[in-house]
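See below for the structure under consideration.
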Amino acid sequence: MSRKKGQTYTAEQKTKIVLEMLKEEMTTSQLASKYEVTSQSLGKWKQQFLENASLAFDVGGATKAYKDEIEELKSENEQLAKALGKATVKAEWAVGKLKSLDLIDRKSLIESKHKEISISEQCEIVGISRSSFYYKPVPMSQKDINLLQKIDEIATDNSEYGYRYIHKQLLEDGYQIGKNRVLKYMGVLGIQAIYPTKKRVTSIKHPEHQVYDYLLKQYWQQNGKKKTVYVPTPNEVWSGDITYIRINGGFMYLSAVVDWHSKAVLAYKISNAMDATLATDVLQEALAKYPEPKIFNSDQGSQYTSYEHTQLLKKHDIQISMNGRGRSIDNIVIERFFRTLKHGNIYISDYQSIKELKEGVNAYIHKYNFKRFHSSLNYQKPMNVYLEYLKNAA
C-alpha cells in the first residue's frame, strides 16, 4: 500500500496500518517511512482506533448515541441561528470540525489550484501553518539512528550527565553535532539526567493532567554522605517507567513494573509506541498476576498522568506517587534495572529484528528474576524473594 504524492488515506487504509502497527513487527520509524507519514500521525491513528474499538461490538448503541448527538446539535444550531444567522453557525461548526481532524486530513483538504482562495488562506481556515502544508516527512537515516544509540549508551553509563556533558562526550568520540540537537534527541529517547536537586529536564508532562506528590521520602535514608532508599517489605512500593532500547533499523520502547524491595520485574512489554496504552497495559498485567501494592511511583510523563493509568490505580486503591520535577533519582530502583538490562543484554546483543529483541529480552529478564544474584538482597534472587514473601503473607 504505497502512497502517491498528494494521496490521503481512507479510514479502511488507516485501520490496516494501525493493525500492522499493533503487530509490533516493525518500528514506528520503519512504518512511518513505509507509508510516508509522520510518527505523530501513526500515534494519533492508533489512539483513535483503540478509543473507538468497542463500537465494533455495539453498533446499535453507537448509532443511537450519534443520533442523539445529532439531535442535540440541531437544537443548538436552531437557537444560534436565531441570534447569529444560519451562515455564521455553519461556518463556526465547520471550523470546529476541521480543527478536530489530524494534520494529514487537514492538509488533504487544501486545493493548491483553487481560483479564489489562496493556499495561505486555506491553511488559515483549516488551522495549519503554510510550512506544514509543504512539509514532507523525511525517514530517519541510519546515521541518526546510530547517533541515538550512542547518546543512549553515554546516558546509561553516566546517569548524571545532562545534554551539555553528553554533547562534549560525543565531540570527543568524533561525532559532529550541536548541543541543541543533542537536547532534541534526548527528548526523543525520554532521557534526562539523574540529579540530586531540581534541574531543567527534557521530558514533557501533559498540561491538562494532574501531577501527584512524591510519597517515597519516608524510605530514603542517610548513610554517611550517601543517600540510599530502603523499602522494608515486598509489594509495598512498585515503580513504573519506560526506556528506549536499540535495534537494527530503529528503536523500540520497553515499559516495566518493578517491586522496590525485591527488585523483581513483575511485568513488562516491548512496543513501537511510547504512549499511555503501553504503560497501562503493563500495569494491568502486573495487577492481574500479583496483589496490588500500597504505592505506585512513576515520573510525571503523560503516559503515567493519563486518565487511563491513574484511574486504574484508583480502582485498586493504590496511592499514586510521582517523581519531583527533574528528579529521576526519585525512581532509582527501576532506573538501575534499565541500566543493568542495557549493559547485560541490549548493548552486547546487536538485535537484528523485533522478534529477536523480544526473545532476547524475555530470556534476560527471566534470568534476572530467577537466576541472577542481587547484592542488595544479600545475594538472593529477586523473584524468589518476592514470591516467598507472598507465600508467607498468604
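Chain labels follow the order of the C-alpha cells: the first chain is A, the next B, and so on; residue numbering restarts at 1 in every chain, and ligands are counted from 1 in their shown order.
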
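Using only C-alpha atoms, the contacts of Leu266 of chain A at a cut-off of 10 Å, with sequence neighbours closer than 4 positions omitted, comprise Trp238, Ser239, Ala256, Val257, Val258, Asp259, Val282, Leu283, Glu285, Ala286, Leu287, Lys289, Tyr290, Ile365, Asn369, Met383 and Tyr386 of chain A.
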
Expected file: the selected residues, N, CA and C atoms, as an mmCIF file, in the first residue's frame:
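Listing of out.cif after writing:
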```cif
data_model
loop_
_atom_site.group_PDB
_atom_site.id
_atom_site.type_symbol
_atom_site.label_atom_id
_atom_site.label_comp_id
_atom_site.auth_asym_id
_atom_site.auth_seq_id
_atom_site.Cartn_x
_atom_site.Cartn_y
_atom_site.Cartn_z
ATOM 1 N N TRP A 238 5.637 -0.235 44.159
ATOM 2 C CA TRP A 238 6.003 -0.612 42.794
ATOM 3 C C TRP A 238 6.460 0.638 42.049
ATOM 4 N N SER A 239 7.309 0.436 41.055
ATOM 5 C CA SER A 239 7.744 1.525 40.192
ATOM 6 C C SER A 239 7.429 1.200 38.741
ATOM 7 N N ALA A 256 8.139 -1.249 32.058
ATOM 8 C CA ALA A 256 8.242 -2.288 33.088
ATOM 9 C C ALA A 256 7.668 -1.804 34.401
ATOM 10 N N VAL A 257 7.270 -2.774 35.228
ATOM 11 C CA VAL A 257 6.870 -2.519 36.608
ATOM 12 C C VAL A 257 7.780 -3.352 37.505
ATOM 13 N N VAL A 258 8.430 -2.700 38.479
ATOM 14 C CA VAL A 258 9.400 -3.351 39.355
ATOM 15 C C VAL A 258 8.995 -3.154 40.811
ATOM 16 N N ASP A 259 9.139 -4.226 41.609
ATOM 17 C CA ASP A 259 8.908 -4.132 43.048
ATOM 18 C C ASP A 259 10.151 -3.553 43.712
ATOM 19 N N VAL A 282 1.000 -2.673 30.869
ATOM 20 C CA VAL A 282 1.967 -3.328 31.754
ATOM 21 C C VAL A 282 1.454 -3.329 33.193
ATOM 22 N N LEU A 283 0.869 -2.218 33.625
ATOM 23 C CA LEU A 283 0.300 -2.161 34.974
ATOM 24 C C LEU A 283 -0.835 -3.163 35.126
ATOM 25 N N GLU A 285 -1.213 -5.963 33.553
ATOM 26 C CA GLU A 285 -0.631 -7.305 33.616
ATOM 27 C C GLU A 285 -0.098 -7.607 35.018
ATOM 28 N N ALA A 286 0.597 -6.640 35.616
ATOM 29 C CA ALA A 286 1.143 -6.834 36.963
ATOM 30 C C ALA A 286 0.023 -7.045 37.978
ATOM 31 N N LEU A 287 -1.038 -6.260 37.889
ATOM 32 C CA LEU A 287 -2.152 -6.370 38.833
ATOM 33 C C LEU A 287 -2.940 -7.674 38.639
ATOM 34 N N LYS A 289 -1.552 -10.513 37.905
ATOM 35 C CA LYS A 289 -0.729 -11.627 38.389
ATOM 36 C C LYS A 289 -0.433 -11.559 39.885
ATOM 37 N N TYR A 290 -0.410 -10.337 40.452
ATOM 38 C CA TYR A 290 0.043 -10.193 41.836
ATOM 39 C C TYR A 290 -0.902 -9.278 42.628
ATOM 40 N N ILE A 365 15.317 -11.158 31.204
ATOM 41 C CA ILE A 365 14.534 -10.788 32.386
ATOM 42 C C ILE A 365 14.207 -12.024 33.224
ATOM 43 N N ASN A 369 15.333 -12.262 37.046
ATOM 44 C CA ASN A 369 14.371 -12.524 38.126
ATOM 45 C C ASN A 369 14.698 -13.778 38.941
ATOM 46 N N MET A 383 12.983 -12.493 42.169
ATOM 47 C CA MET A 383 11.641 -13.071 42.156
ATOM 48 C C MET A 383 11.457 -14.109 43.250
ATOM 49 N N TYR A 386 10.499 -12.110 46.245
ATOM 50 C CA TYR A 386 9.140 -11.589 46.121
ATOM 51 C C TYR A 386 8.096 -12.681 46.348
#
```

Query - Nearest-residue call for Arg246 of chain A, choices A:Ser262, A:Thr27, A:Asn180, A:Thr305, using only C-alpha atoms - result: A:Thr27

**Report entry** 7 Å contact set for segment 16-18 of chain A, only C-alpha atoms, chain neighbours under 3 positions out, as a PyMOL selection string
**Finding:** chain A and resi 12-13+21-22+45-46

Query raised in the report: In segment 278-370 of chain A, what's helix (DSSP H, G or I) per DSSP? Answer as number ranges by chain?
Result: A: 278-289, 302-305, 307-315, 328-349, 354-370

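Minimum atom-to-atom distances from A:Trp260, A:Asn345, A:Glu20, A:Glu51 to Pro382 of chain A were compared using only C-alpha atoms, and the lowest value belongs to A:Trp260.
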
**Report entry** Which residue of A:Ile242, A:Phe296, A:Val229, A:Ile117 approaches Ser376 of chain A most closely, using only C-alpha atoms
**Finding:**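 Nearest candidate to Ser376 of chain A out of A:Ile242, A:Phe296, A:Val229, A:Ile117: A:Val229.
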
Query raised in the report: Out of segment 223-351 of chain A, which residues get strand (DSSP E or B) from DSSP, as a ChimeraX atom specification?
Result: /A:223,226-229,237-247,250-259,265-271,295-298,319-322,327

Query raised in the report: Between atom CA of Met186 of chain A and atom CA of Tyr304 of chain A, what is the distance, to one decimal in Å?
Result: 19.1 Å

Report summary line: In terms of only C-alpha atoms, the residue from A:Leu387, A:Lys263, A:Lys342, A:Ser33 at minimal distance from Phe373 of chain A is A:Lys263

Report task. Using only C-alpha atoms, determine which residues lie at most 12 Å from Met26 of chain A, disregarding the query and same-chain residues fewer than 6 positions distant; provide the list as a PyMOL selection string. Result -> chain A and resi 17-20+32-34+247-252+270-273+352-355+357

Export of prior selection with C-alpha atoms as a short mmCIF file (atom, residue, chain, number, x, y, z; two decimals), in the first residue's frame:
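Writing the result to again.cif gives the following:
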```cif
data_model
loop_
_atom_site.label_atom_id
_atom_site.label_comp_id
_atom_site.auth_asym_id
_atom_site.auth_seq_id
_atom_site.Cartn_x
_atom_site.Cartn_y
_atom_site.Cartn_z
CA ILE A 17 -1.87 0.44 9.06
CA VAL A 18 -2.83 0.55 12.76
CA LEU A 19 -3.37 -3.22 12.81
CA GLU A 20 0.08 -3.62 11.29
CA ALA A 32 6.37 5.93 9.04
CA SER A 33 8.91 5.52 6.26
CA LYS A 34 6.93 2.72 4.59
CA ILE A 247 17.54 -2.45 17.43
CA ASN A 248 18.97 -2.64 13.95
CA GLY A 249 16.98 -0.20 11.78
CA GLY A 250 15.37 1.80 14.58
CA PHE A 251 14.33 1.64 18.18
CA MET A 252 11.56 0.29 20.39
CA ILE A 270 8.12 -4.03 24.33
CA SER A 271 6.27 -1.74 21.92
CA ASN A 272 6.92 0.52 18.95
CA ALA A 273 4.98 3.37 20.59
CA GLN A 352 18.58 -7.53 14.07
CA SER A 353 14.79 -7.86 14.34
CA ILE A 354 11.96 -7.13 16.76
CA LYS A 355 11.36 -10.86 17.16
CA LEU A 357 14.77 -8.42 20.55
#
```

Requested in this report: Figure out the distance between atom CA of Asp281 of chain A and atom CA of Tyr268 of chain A, please, to one decimal in Å.
Outcome: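 Atom CA of Asp281 of chain A lies at a distance of 8.8 Å from atom CA of Tyr268 of chain A.
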
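Every protein or nucleic acid residue with an atom no more than 10 Å from Leu109 of chain A, counting only C-alpha atoms and leaving out same-chain residues fewer than 6 positions away, appears here: Thr8, Leu98, Gln122, Cys123 and Val126 of chain A.
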